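Just below is one structure, and these are the notes that go with it.
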Amino acid sequence: MIRKDMNIAEGDWDAFKAAVDAGKASGNLIKMGGVLAASTNYVLCYDTLVAKGIDPETDIEVVNLPIFPEHPGALERGEVDMLCSTEPFNTFVWDRDIGTFLDTPFETEAGDILGALISTDRDLQDPERREALKRWMRVVIAIMEDLEADPSIARQWIMDTMELDEEAANRMLDFAYWDPPSNLDHLAALANGHFRLGQTEIDWSTRMDDWTDDTLLAEILAEG
Amino acid sequence: MRRLFTILIALALIASACGDDDTTATTTTAAAAAATTTVPGDPFEGQVLTIRQAAIRALPNLPQILAPDSPYAEEFGIEIIDVPVSTPTDYVTGLGRGDLNVVPGTPSIAIAGRDSGVQLVNVAAGPMSSRSS
């Protein structure tokens with residue numbers, strides 16, 4: 001999301017690059033706010049900027065905004081010029097007419113990674129807890145299928161809990177996802193991204209089996 | 001159904017408050033066995049298991065937000081206790097301490113946790129449904 005008064009249309013990376021160049025020439029760098037630590041979002045945004053010919057280290061100023069709900073306010077107050085954020089906060093920015101959408105950061109080697117289900121070695125290795133996890137995932141999968149089959153469930157939840165109108169709820173649903181991704185290549189690229197950015201001591205892309213598990217879902221699918 | 005669910009939660013809380021060293025140990029009861037869906041090969045068939053989740057109130061977590069009160073929980077024989085949290089850091093802390101069994105989040109939480117010595121695992125590293133396989 002970028003500040004509305006920058007007058008850059010959705011997807012117009014040439015105009016955005018020109019604004020970045022102008023900011024660099026004037027010594028007034030474009031400021032991008034985002035959650036930096038342990039953030040999938042930030043790795044995707046960082047690599048997207050690099051792919052577009054913008055070096056986040058030198059061409060813009062990155063501002064750590066560690067609390068997502070504070071993102072719309074930071075843009076509104078002019079503390080940053082753009083956000084590397086997520087839903088529902090992007091829609092809040094759009095709904096309040098303080099920013100415009102530039103692009104999704106899903107064209108990097110990490111793909112469109114956003115979601116995951118996180119447990120622990122301890123839970124996976126204990127037979128009873130493992131079974132509890134499987135049952136929990138069956139419940140979650142069943143609900144996901146209901147949400148996909150009937151978008152009105154999620155739309156009504158958004159309208160009720162976030163006090164948004166139907167148009168805003170529909171916009172939010174356009175960017176909604178229920179299925180955590182499964183592509184191990186994408187997950188490896190993300191882990192390597194954290195390492196490249198100096199956020200981890202270990203390159204976890206070389207130790208995928210330590211922190212990813214596909215056996216639980218495989219068992220669920222096999223059991224029907 | 002709602003009353004049964006409340007009773008099961010109460011039983012789980014009582015069990016955890018009665019000197020059980022491992023507060024996240026899944027608690028079993030046969031109370032709702034008749035209502036559960038039988039899965040072939042399930043060694044805990046006929047028992048309702050308990051799991052402790054946390055789900056920040058954000059749209060991507062809607063399946064988990066709806067899960068505790070979903071009829072599917074009874075159908076699959078699982079009591080889901082939702083633990084309030086505010087930030088992803090609470091996820092890591094809760095999982096690391098054993099206060100939580102599972103959370104929805106992003107892969108980076110597992111990566112960062114692992115890098116700091118908390119043995120986190122992304123258990124969704126596979127097709128989530130037959131549709132997405």
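Here, A, B, ... name the chains of the structure tokens in the order displayed, residue numbers run from 1 inside each chain, and ligands are numbered from 1 in the same displayed order.
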Which residues come within 9 Å of Pro104 (chain B), counting only C-alpha atoms, excluding same-chain residues fewer than 2 positions away, as a list in words? Gly115, Ala116, Leu117, Ile118, Ser119 and Pro180 of chain A; Gln53, Ala54, Ala55, Ile56, Pro60, Asn61, Gln64, Tyr91, Val102 and Thr106 of chain B
Proximal residues of chain B relative to chain A (only C-alpha atoms; 8 Å) as a ChimeraX atom specification: /B:25-26,39-40,42,44,49-51,58-64,66-67,70,72-73,76-78,80,95-96,101-112,114-115,119-130
Quick one: DSSP strand (DSSP E or B) residues in region 90-154 of chain A, as a list in words? Gly99, Thr100, Ala116, Leu117, Ile118, Ser119 and Thr120 of chain A
Near Cys45 (chain A), within 10 Å and counting only C-alpha atoms, which residues show up once chain neighbours fewer than 6 positions away are dropped, as a VMD selection string? chain A and resid 32 34 51 56 83 to 85 103 to 108
Using all heavy atoms, can you write the selected residues to a file as an mmCIF file, in the first residue's frame?
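Once everything was written out, this is again29.cif:
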```
data_model
loop_
_atom_site.group_PDB
_atom_site.id
_atom_site.type_symbol
_atom_site.label_atom_id
_atom_site.label_comp_id
_atom_site.auth_asym_id
_atom_site.auth_seq_id
_atom_site.Cartn_x
_atom_site.Cartn_y
_atom_site.Cartn_z
ATOM 1 N N MET A 32 9.438 2.901 3.810
ATOM 2 C CA MET A 32 8.538 1.746 3.797
ATOM 3 C C MET A 32 8.434 1.160 5.202
ATOM 4 O O MET A 32 9.439 0.769 5.798
ATOM 5 C CB MET A 32 9.049 0.659 2.846
ATOM 6 C CG MET A 32 8.108 -0.561 2.798
ATOM 7 S SD MET A 32 8.694 -1.914 1.754
ATOM 8 C CE MET A 32 9.938 -2.672 2.828
ATOM 9 N N GLY A 34 7.066 -1.728 7.879
ATOM 10 C CA GLY A 34 6.675 -3.141 7.906
ATOM 11 C C GLY A 34 7.177 -3.815 9.161
ATOM 12 O O GLY A 34 7.987 -3.243 9.905
ATOM 13 N N ALA A 51 13.562 -7.482 -7.071
ATOM 14 C CA ALA A 51 13.197 -7.947 -8.422
ATOM 15 C C ALA A 51 12.762 -6.781 -9.314
ATOM 16 O O ALA A 51 12.899 -6.849 -10.535
ATOM 17 C CB ALA A 51 12.087 -8.982 -8.331
ATOM 18 N N PRO A 56 16.352 -2.302 -1.236
ATOM 19 C CA PRO A 56 15.775 -1.809 0.033
ATOM 20 C C PRO A 56 16.822 -1.276 1.000
ATOM 21 O O PRO A 56 16.495 -0.506 1.908
ATOM 22 C CB PRO A 56 15.085 -3.053 0.620
ATOM 23 C CG PRO A 56 14.876 -3.972 -0.537
ATOM 24 C CD PRO A 56 16.032 -3.728 -1.457
ATOM 25 N N LEU A 83 3.516 0.858 2.887
ATOM 26 C CA LEU A 83 3.459 -0.220 3.868
ATOM 27 C C LEU A 83 3.699 -1.561 3.201
ATOM 28 O O LEU A 83 3.194 -1.820 2.111
ATOM 29 C CB LEU A 83 2.079 -0.262 4.540
ATOM 30 C CG LEU A 83 1.697 0.891 5.457
ATOM 31 C CD1 LEU A 83 0.207 0.790 5.800
ATOM 32 C CD2 LEU A 83 2.537 0.861 6.730
ATOM 33 N N CYS A 84 4.459 -2.395 3.866
ATOM 34 C CA CYS A 84 4.509 -3.814 3.548
ATOM 35 C C CYS A 84 3.660 -4.465 4.640
ATOM 36 O O CYS A 84 4.144 -4.749 5.726
ATOM 37 C CB CYS A 84 5.952 -4.320 3.600
ATOM 38 S SG CYS A 84 6.081 -6.109 3.531
ATOM 39 N N SER A 85 2.373 -4.623 4.362
ATOM 40 C CA SER A 85 1.454 -5.038 5.419
ATOM 41 C C SER A 85 0.625 -6.224 4.969
ATOM 42 O O SER A 85 0.975 -6.916 4.007
ATOM 43 C CB SER A 85 0.573 -3.848 5.838
ATOM 44 O OG SER A 85 -0.053 -4.106 7.061
ATOM 45 N N ASP A 103 0.831 -3.537 -5.232
ATOM 46 C CA ASP A 103 0.986 -4.897 -5.774
ATOM 47 C C ASP A 103 1.035 -5.903 -4.628
ATOM 48 O O ASP A 103 1.253 -5.532 -3.469
ATOM 49 C CB ASP A 103 2.289 -4.993 -6.578
ATOM 50 C CG ASP A 103 2.186 -5.997 -7.723
ATOM 51 O OD1 ASP A 103 1.242 -6.814 -7.716
ATOM 52 O OD2 ASP A 103 3.046 -5.964 -8.609
ATOM 53 N N THR A 104 0.849 -7.175 -4.994
ATOM 54 C CA THR A 104 1.119 -8.250 -4.038
ATOM 55 C C THR A 104 2.568 -8.715 -4.257
ATOM 56 O O THR A 104 3.069 -8.652 -5.378
ATOM 57 C CB THR A 104 0.177 -9.454 -4.269
ATOM 58 O OG1 THR A 104 0.257 -9.854 -5.642
ATOM 59 C CG2 THR A 104 -1.249 -9.097 -3.927
ATOM 60 N N PRO A 105 3.212 -9.194 -3.207
ATOM 61 C CA PRO A 105 4.633 -9.575 -3.338
ATOM 62 C C PRO A 105 4.806 -11.071 -3.599
ATOM 63 O O PRO A 105 5.608 -11.737 -2.939
ATOM 64 C CB PRO A 105 5.195 -9.166 -1.967
ATOM 65 C CG PRO A 105 4.060 -9.442 -1.034
ATOM 66 C CD PRO A 105 2.787 -9.189 -1.800
ATOM 67 N N PHE A 106 4.050 -11.594 -4.537
ATOM 68 C CA PHE A 106 3.987 -13.053 -4.696
ATOM 69 C C PHE A 106 4.718 -13.572 -5.933
ATOM 70 O O PHE A 106 4.451 -14.682 -6.376
ATOM 71 C CB PHE A 106 2.530 -13.513 -4.731
ATOM 72 C CG PHE A 106 1.760 -13.215 -3.479
ATOM 73 C CD1 PHE A 106 0.412 -12.931 -3.534
ATOM 74 C CD2 PHE A 106 2.390 -13.224 -2.236
ATOM 75 C CE1 PHE A 106 -0.306 -12.649 -2.377
ATOM 76 C CE2 PHE A 106 1.688 -12.940 -1.071
ATOM 77 C CZ PHE A 106 0.334 -12.653 -1.148
ATOM 78 N N GLU A 107 5.632 -12.768 -6.490
ATOM 79 C CA GLU A 107 6.322 -13.211 -7.703
ATOM 80 C C GLU A 107 7.761 -13.627 -7.426
ATOM 81 O O GLU A 107 8.544 -13.778 -8.344
ATOM 82 C CB GLU A 107 6.305 -12.078 -8.751
ATOM 83 C CG GLU A 107 4.917 -11.616 -9.146
ATOM 84 C CD GLU A 107 4.133 -12.683 -9.895
ATOM 85 O OE1 GLU A 107 4.762 -13.441 -10.657
ATOM 86 O OE2 GLU A 107 2.912 -12.771 -9.684
ATOM 87 N N THR A 108 8.116 -13.813 -6.170
ATOM 88 C CA THR A 108 9.492 -14.195 -5.852
ATOM 89 C C THR A 108 9.598 -15.716 -5.759
ATOM 90 O O THR A 108 8.611 -16.432 -5.914
ATOM 91 C CB THR A 108 9.935 -13.583 -4.505
ATOM 92 O OG1 THR A 108 9.297 -14.296 -3.442
ATOM 93 C CG2 THR A 108 9.564 -12.111 -4.417
#
```
Within 12 Å of Asp5 (chain A), counting only C-alpha atoms, which residues show up once you throw out same-chain ones fewer than 4 positions away? Write them as a compact mmCIF listing (two decimals) with C-alpha atoms, in the first residue's frame, please.
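As a result, selection.txt now contains:
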```txt
# COMPACT_ATOMS: atom_id res chain seq x y z
CA MET A 1 0.00 0.00 0.00
CA ALA A 9 -1.79 3.63 -9.84
CA ALA A 19 9.33 8.24 -7.07
CA LEU A 75 0.64 5.76 6.88
CA GLU A 76 -2.12 8.21 7.72
CA GLY A 78 2.85 10.37 7.23
CA ASP A 81 5.14 6.56 2.59
CA MET A 82 4.27 2.94 2.00
CA ASP A 97 -8.95 6.31 1.54
CA ILE A 98 -5.45 7.03 2.82
CA GLY A 99 -3.55 4.69 0.53
CA THR A 100 -3.66 2.84 -2.74
```
For the atom pair CA of Asn170 (chain A) and CA of Phe92 (chain A), what is the interatomic distance in Å to one decimal place?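 Rounded to one decimal, the two atoms are 12.6 Å apart.
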